[in-house]
Protein chains: 2
Amino acid sequence: MDDAIERSLTLGTAISVVRNSNHYGIAGWYAIRAAEGGLVGASMTNTSPLVAPTRARVSMLGTNPIAVAARAGRFGILCLDMATSTIPRGRIEVAARRGEPLLPGWAIGPDGSPATTPEAALAGALQPLGGTEETAGYKGYGLALVVEVLTGILAGAAFGPNIIGLFSTEAPSDLGQWYLAIDPGAIGDTAAFEGRLERLLEQLTEAPLIPHAPGPVLYPGQPEAERAERSLREGIVIDRDHHTGLLELGRRLRVPLPDPIPEPARPVAAGAMAGAPGQRVGR
Amino acid sequence: MDDAIERSLTLGTAISVVRNSNHYGIAGWYAIRAAEGGLVGASMTNTSPLVAPTRARVSMLGTNPIAVAARAGRFGILCLDMATSTIPRGRIEVAARRGEPLLPGWAIGPDGSPATTPEAALAGALQPLGGTEETAGYKGYGLALVVEVLTGILAGAAFGPNIIGLFSTEAPSDLGQWYLAIDPGAIGDTAAFEGRLERLLEQLTEAPLIPHAPGPVLYPGQPEAERAERSLREGIVIDRDHHTGLLELGRRLRVPLPDPIPEPARPVAAGAMAGAPGQRVGR
């Protein structure tokens, strides 16, 4: 990303690709890095297969996220960071723990029919954004495929169904990643660009609401930015089992864990820890 | 697009933007223009507001299409060309004519609740790809917003709710457009890039199918390419009213219409005409 940022400052725009990579964390982190310098930033990665293309009954593509970020005046940084599946696999695990039903369009079972239980979904495949063919799931499939083209295929890394499982150690993952930086200053005035985006977000967030809306219209990145701010102030609450597991792993691998933060002004659950970079919740 | 194509051949990648534009036809047409030369091509445009952001009850963003294309060996050209709404507005008009019900996630009525009749949907707004908030419609909203950032906002054109209606003549539309070309030859071997993409499409199109699949797994652009080929061979069938209207318009504006093609080998419906560029069915 830094290479694309640097070159975009003289060329107007630049792209970098990486091959032989692994899980690269939060896609939006890279896009935000460019946005912090007043650029438009974007990043994509391919991932282990978890999503069934429209009409297929097996996983052939990853959740292949797309991230795009730009500075937006008083709104801070707009950052879209989305998997191209309807939901992340973790959402199914949460539904399993809570005994919740699955919504249509989330996943299919091993036989290819819509999954109605978490067990079927975990043994089957996620559906692309949009869900079934009737509700335009082929668009999510198309987006996941375009991410493959720009990452694994363009970079010369592994791609699609040929990528090994996320937790497999039998071979290198060989993921591909893509980074884009655009300097709005190469086209016009950077402050005017930022002002226009601020104005658009103003209009969007003040829009009249649907009945029973759970809150105002949000812009991409807003919930994450608010959560990050709260975490910096109050620490990150994690459950006791997770905390114990981390302490044990830290001891075994001799990696010192960040010290728990002092008791915050507002009471939080036990196990609150200092927010170290990269500890944000994944997609 | 031609400017981006030309510069990408020396710089590896290039972007162009256009402001003060109007409806630019088929987004994929521009992307395919780059792909025909062995490049990865992409294009986006903002459009008149028809889509309500997640939680909003009014149209604030256009159907803002995204197109990406690349050469894929024996599969020809892969071309994703998708509106970021679940369906195009025309799909609702079709449902109205056929007396079909609307599917959930397609549109909301003027009061913001899900539209169940075409009348409510036409008076209301389209929903972004993904549908409601529960089925990840905020991702489609985020994509539409990112298209705005790269087109209207970056190019300094009109944006979002400030764009006038598609058929309004009260002012210039002032749409913004974005074109990207990437030369795979700047990263590695272009033939190897194309070979990898061919291999991926081979794997995808041979995937085992869900029960009652209407056909094999398709790749983006495949149905359109097959239809274009058929149209070149057999002409484009249009209904008599449309044909009469075109003849009348051509006479009034003194624009000669293409001659109807000679009777094809296979019988087709009356009114078949030669396929002139741009006559392909829109999104």
# chains A, B, ... in the order shown; residues from 1 in each chain; ligands from 1

call {"tool": "residues_around", "arguments": {"residues": "segment 115-124 of chain A", "least_positions_apart": "6", "cutoff": "12 Å", "atoms": "only C-alpha atoms", "output": "PyMOL selection string"}}
result
(chain A and resi 49-52+56-60+87-109+131-132) or (chain B and resi 210)

call {"tool": "residues_around", "arguments": {"residues": "His212 of chain A", "least_positions_apart": "5", "cutoff": "10 Å", "atoms": "only C-alpha atoms", "output": "VMD selection string"}}
result
chain B and resid 55 112 to 113

call {"tool": "write_last_selection", "arguments": {"atoms": "N, CA, C and O atoms", "output": "PDB file, in the first residue's frame"}}
result
ATOM      1  N   ARG B  55     -32.027   2.219   5.600  1.00  0.00           N
ATOM      2  CA  ARG B  55     -32.742   2.976   6.645  1.00  0.00           C
ATOM      3  C   ARG B  55     -33.446   4.234   6.117  1.00  0.00           C
ATOM      4  O   ARG B  55     -34.307   4.774   6.804  1.00  0.00           O
ATOM      5  N   GLY B 112     -41.791   3.991   3.008  1.00  0.00           N
ATOM      6  CA  GLY B 112     -40.562   3.366   3.486  1.00  0.00           C
ATOM      7  C   GLY B 112     -40.706   1.906   3.850  1.00  0.00           C
ATOM      8  O   GLY B 112     -39.708   1.230   4.135  1.00  0.00           O
ATOM      9  N   SER B 113     -41.928   1.377   3.848  1.00  0.00           N
ATOM     10  CA  SER B 113     -42.086  -0.056   4.148  1.00  0.00           C
ATOM     11  C   SER B 113     -41.920  -0.861   2.856  1.00  0.00           C
ATOM     12  O   SER B 113     -42.071  -0.330   1.755  1.00  0.00           O
TER      13      SER B 113
END

call {"tool": "residues_around", "arguments": {"residues": "segment 141-147 of chain A", "least_positions_apart": "4", "cutoff": "8 Å", "atoms": "only C-alpha atoms", "output": "PyMOL selection string"}}
result
(chain A and resi 44-46+53-54+61-66+84-85+128-129+137+151) or (chain B and resi 68+80+219-220)

call {"tool": "select_by_dssp", "arguments": {"residues": "segment 113-149 of chain A", "states": "alpha helix (DSSP H)", "output": "PDB file with N, CA and C atoms, in the first residue's frame"}}
result
ATOM      1  N   PRO A 118     -27.789 -23.879  11.429  1.00  0.00           N
ATOM      2  CA  PRO A 118     -26.351 -23.569  11.408  1.00  0.00           C
ATOM      3  C   PRO A 118     -25.519 -24.793  11.042  1.00  0.00           C
ATOM      4  N   GLU A 119     -25.945 -25.980  11.469  1.00  0.00           N
ATOM      5  CA  GLU A 119     -25.180 -27.198  11.186  1.00  0.00           C
ATOM      6  C   GLU A 119     -25.094 -27.427   9.672  1.00  0.00           C
ATOM      7  N   ALA A 120     -26.244 -27.291   8.981  1.00  0.00           N
ATOM      8  CA  ALA A 120     -26.258 -27.459   7.526  1.00  0.00           C
ATOM      9  C   ALA A 120     -25.368 -26.417   6.858  1.00  0.00           C
ATOM     10  N   ALA A 121     -25.462 -25.170   7.350  1.00  0.00           N
ATOM     11  CA  ALA A 121     -24.688 -24.082   6.736  1.00  0.00           C
ATOM     12  C   ALA A 121     -23.190 -24.314   6.921  1.00  0.00           C
ATOM     13  N   LEU A 122     -22.788 -24.755   8.115  1.00  0.00           N
ATOM     14  CA  LEU A 122     -21.361 -24.950   8.379  1.00  0.00           C
ATOM     15  C   LEU A 122     -20.802 -26.117   7.562  1.00  0.00           C
ATOM     16  N   ALA A 123     -21.668 -27.090   7.243  1.00  0.00           N
ATOM     17  CA  ALA A 123     -21.240 -28.210   6.395  1.00  0.00           C
ATOM     18  C   ALA A 123     -21.372 -27.869   4.912  1.00  0.00           C
ATOM     19  N   GLY A 137     -28.150 -12.752  -6.387  1.00  0.00           N
ATOM     20  CA  GLY A 137     -26.907 -13.268  -5.802  1.00  0.00           C
ATOM     21  C   GLY A 137     -25.780 -13.379  -6.813  1.00  0.00           C
ATOM     22  N   TYR A 138     -26.119 -13.420  -8.107  1.00  0.00           N
ATOM     23  CA  TYR A 138     -25.062 -13.483  -9.128  1.00  0.00           C
ATOM     24  C   TYR A 138     -24.220 -12.210  -9.140  1.00  0.00           C
ATOM     25  N   LYS A 139     -24.748 -11.125  -8.567  1.00  0.00           N
ATOM     26  CA  LYS A 139     -23.941  -9.905  -8.488  1.00  0.00           C
ATOM     27  C   LYS A 139     -22.845 -10.062  -7.434  1.00  0.00           C
ATOM     28  N   GLY A 140     -23.203 -10.635  -6.280  1.00  0.00           N
ATOM     29  CA  GLY A 140     -22.185 -10.901  -5.263  1.00  0.00           C
ATOM     30  C   GLY A 140     -21.149 -11.891  -5.774  1.00  0.00           C
ATOM     31  N   TYR A 141     -21.636 -12.903  -6.503  1.00  0.00           N
ATOM     32  CA  TYR A 141     -20.725 -13.872  -7.128  1.00  0.00           C
ATOM     33  C   TYR A 141     -19.792 -13.155  -8.109  1.00  0.00           C
ATOM     34  N   GLY A 142     -20.343 -12.272  -8.920  1.00  0.00           N
ATOM     35  CA  GLY A 142     -19.537 -11.510  -9.879  1.00  0.00           C
ATOM     36  C   GLY A 142     -18.500 -10.643  -9.188  1.00  0.00           C
ATOM     37  N   LEU A 143     -18.887 -10.025  -8.073  1.00  0.00           N
ATOM     38  CA  LEU A 143     -17.932  -9.192  -7.332  1.00  0.00           C
ATOM     39  C   LEU A 143     -16.802 -10.048  -6.763  1.00  0.00           C
ATOM     40  N   ALA A 144     -17.149 -11.212  -6.190  1.00  0.00           N
ATOM     41  CA  ALA A 144     -16.124 -12.103  -5.640  1.00  0.00           C
ATOM     42  C   ALA A 144     -15.159 -12.544  -6.740  1.00  0.00           C
ATOM     43  N   LEU A 145     -15.699 -12.775  -7.927  1.00  0.00           N
ATOM     44  CA  LEU A 145     -14.884 -13.205  -9.062  1.00  0.00           C
ATOM     45  C   LEU A 145     -13.964 -12.083  -9.539  1.00  0.00           C
ATOM     46  N   VAL A 146     -14.477 -10.854  -9.561  1.00  0.00           N
ATOM     47  CA  VAL A 146     -13.652  -9.707  -9.947  1.00  0.00           C
ATOM     48  C   VAL A 146     -12.516  -9.511  -8.937  1.00  0.00           C
ATOM     49  N   VAL A 147     -12.792  -9.744  -7.665  1.00  0.00           N
ATOM     50  CA  VAL A 147     -11.716  -9.674  -6.662  1.00  0.00           C
ATOM     51  C   VAL A 147     -10.647 -10.718  -6.979  1.00  0.00           C
ATOM     52  N   GLU A 148     -11.055 -11.926  -7.370  1.00  0.00           N
ATOM     53  CA  GLU A 148     -10.090 -12.966  -7.786  1.00  0.00           C
ATOM     54  C   GLU A 148      -9.240 -12.479  -8.959  1.00  0.00           C
TER      55      GLU A 148
END

call {"tool": "closest_residue", "arguments": {"among": "A:Val17, A:Leu232, A:Ala34, A:Leu247", "to": "chain B", "atoms": "only C-alpha atoms"}}
result
A:Val17

call {"tool": "select_by_dssp", "arguments": {"residues": "segment 45-128 of chain B", "states": "strand (DSSP E)", "output": "VMD selection string"}}
result
chain B and resid 45 66 to 71 77 to 82 107 to 108 125 to 126

call {"tool": "atom_distance", "arguments": {"atom1": "atom CA of Ala157 of chain A", "atom2": "atom CA of Gly41 of chain B"}}
result
20.2 Å

call {"tool": "decode", "arguments": {"residues": "segment 182-196 of chain B", "atoms": "all heavy atoms", "output": "CSV table (one decimal), in the first residue's frame"}}
result
chain,number,residue,atom,x,y,z
B,182,ILE,N,-5.7,-1.4,-16.5
B,182,ILE,CA,-4.5,-2.0,-15.9
B,182,ILE,C,-3.9,-3.0,-17.0
B,182,ILE,O,-4.6,-3.8,-17.5
B,182,ILE,CB,-4.8,-2.9,-14.7
B,182,ILE,CG1,-5.6,-2.0,-13.7
B,182,ILE,CG2,-3.6,-3.4,-14.0
B,182,ILE,CD1,-6.2,-2.9,-12.5
B,183,ASP,N,-2.6,-2.8,-17.2
B,183,ASP,CA,-1.9,-3.7,-18.1
B,183,ASP,C,-1.3,-4.9,-17.3
B,183,ASP,O,-0.3,-4.7,-16.6
B,183,ASP,CB,-0.8,-2.9,-18.8
B,183,ASP,CG,0.0,-3.8,-19.8
B,183,ASP,OD1,-0.4,-4.9,-20.0
B,183,ASP,OD2,1.0,-3.3,-20.3
B,184,PRO,N,-1.8,-6.1,-17.5
B,184,PRO,CA,-1.2,-7.2,-16.8
B,184,PRO,C,0.2,-7.5,-17.1
B,184,PRO,O,1.0,-8.1,-16.4
B,184,PRO,CB,-2.1,-8.4,-17.2
B,184,PRO,CG,-3.3,-7.8,-17.8
B,184,PRO,CD,-2.9,-6.5,-18.3
B,185,GLY,N,0.6,-7.0,-18.3
B,185,GLY,CA,2.0,-7.1,-18.8
B,185,GLY,C,3.0,-6.3,-18.0
B,185,GLY,O,4.2,-6.6,-18.0
B,186,ALA,N,2.5,-5.4,-17.2
B,186,ALA,CA,3.4,-4.6,-16.3
B,186,ALA,C,3.7,-5.4,-15.1
B,186,ALA,O,4.7,-5.0,-14.3
B,186,ALA,CB,2.7,-3.3,-15.9
B,187,ILE,N,3.0,-6.4,-14.8
B,187,ILE,CA,3.2,-7.2,-13.6
B,187,ILE,C,3.8,-8.6,-13.9
B,187,ILE,O,4.7,-9.1,-13.2
B,187,ILE,CB,1.8,-7.4,-12.9
B,187,ILE,CG1,1.3,-6.1,-12.3
B,187,ILE,CG2,1.9,-8.5,-11.8
B,187,ILE,CD1,-0.1,-6.1,-11.9
B,188,GLY,N,3.4,-9.2,-15.0
B,188,GLY,CA,3.9,-10.5,-15.4
B,188,GLY,C,3.6,-10.7,-16.9
B,188,GLY,O,3.6,-9.8,-17.7
B,189,ASP,N,3.4,-11.9,-17.2
B,189,ASP,CA,3.2,-12.3,-18.6
B,189,ASP,C,1.7,-12.3,-18.9
B,189,ASP,O,0.9,-12.9,-18.2
B,189,ASP,CB,3.7,-13.7,-18.8
B,189,ASP,CG,3.5,-14.2,-20.3
B,189,ASP,OD1,4.0,-13.5,-21.2
B,189,ASP,OD2,2.7,-15.2,-20.5
B,190,THR,N,1.3,-11.5,-19.9
B,190,THR,CA,-0.1,-11.3,-20.2
B,190,THR,C,-0.8,-12.6,-20.6
B,190,THR,O,-2.0,-12.9,-20.2
B,190,THR,CB,-0.3,-10.3,-21.4
B,190,THR,OG1,0.2,-9.0,-20.9
B,190,THR,CG2,-1.8,-10.1,-21.7
B,191,ALA,N,-0.1,-13.5,-21.3
B,191,ALA,CA,-0.7,-14.8,-21.7
B,191,ALA,C,-0.9,-15.7,-20.5
B,191,ALA,O,-1.9,-16.4,-20.4
B,191,ALA,CB,0.2,-15.5,-22.7
B,192,ALA,N,0.0,-15.6,-19.5
B,192,ALA,CA,-0.2,-16.4,-18.3
B,192,ALA,C,-1.3,-15.9,-17.5
B,192,ALA,O,-2.1,-16.6,-16.9
B,192,ALA,CB,1.1,-16.3,-17.5
B,193,PHE,N,-1.5,-14.5,-17.4
B,193,PHE,CA,-2.7,-13.9,-16.8
B,193,PHE,C,-3.9,-14.5,-17.4
B,193,PHE,O,-4.8,-15.0,-16.7
B,193,PHE,CB,-2.6,-12.4,-16.9
B,193,PHE,CG,-3.9,-11.7,-16.6
B,193,PHE,CD1,-4.2,-11.4,-15.3
B,193,PHE,CD2,-4.8,-11.3,-17.6
B,193,PHE,CE1,-5.4,-10.8,-15.0
B,193,PHE,CE2,-6.0,-10.7,-17.3
B,193,PHE,CZ,-6.3,-10.4,-16.0
B,194,GLU,N,-4.0,-14.4,-18.7
B,194,GLU,CA,-5.2,-14.9,-19.4
B,194,GLU,C,-5.4,-16.4,-19.2
B,194,GLU,O,-6.6,-16.9,-19.0
B,194,GLU,CB,-5.0,-14.6,-20.9
B,194,GLU,CG,-6.3,-14.6,-21.6
B,194,GLU,CD,-6.2,-14.1,-23.1
B,194,GLU,OE1,-5.4,-13.2,-23.3
B,194,GLU,OE2,-6.9,-14.6,-23.9
B,195,GLY,N,-4.3,-17.1,-19.1
B,195,GLY,CA,-4.4,-18.6,-18.9
B,195,GLY,C,-5.0,-18.9,-17.5
B,195,GLY,O,-5.8,-19.8,-17.4
B,196,ARG,N,-4.5,-18.2,-16.5
B,196,ARG,CA,-5.1,-18.4,-15.2
B,196,ARG,C,-6.5,-18.1,-15.1
B,196,ARG,O,-7.3,-18.8,-14.5
B,196,ARG,CB,-4.3,-17.5,-14.2
B,196,ARG,CG,-2.9,-18.0,-13.8
B,196,ARG,CD,-2.3,-17.2,-12.6
B,196,ARG,NE,-2.1,-15.8,-12.9
B,196,ARG,CZ,-1.0,-15.3,-13.4
B,196,ARG,NH1,0.0,-16.1,-13.7
B,196,ARG,NH2,-0.8,-14.0,-13.6
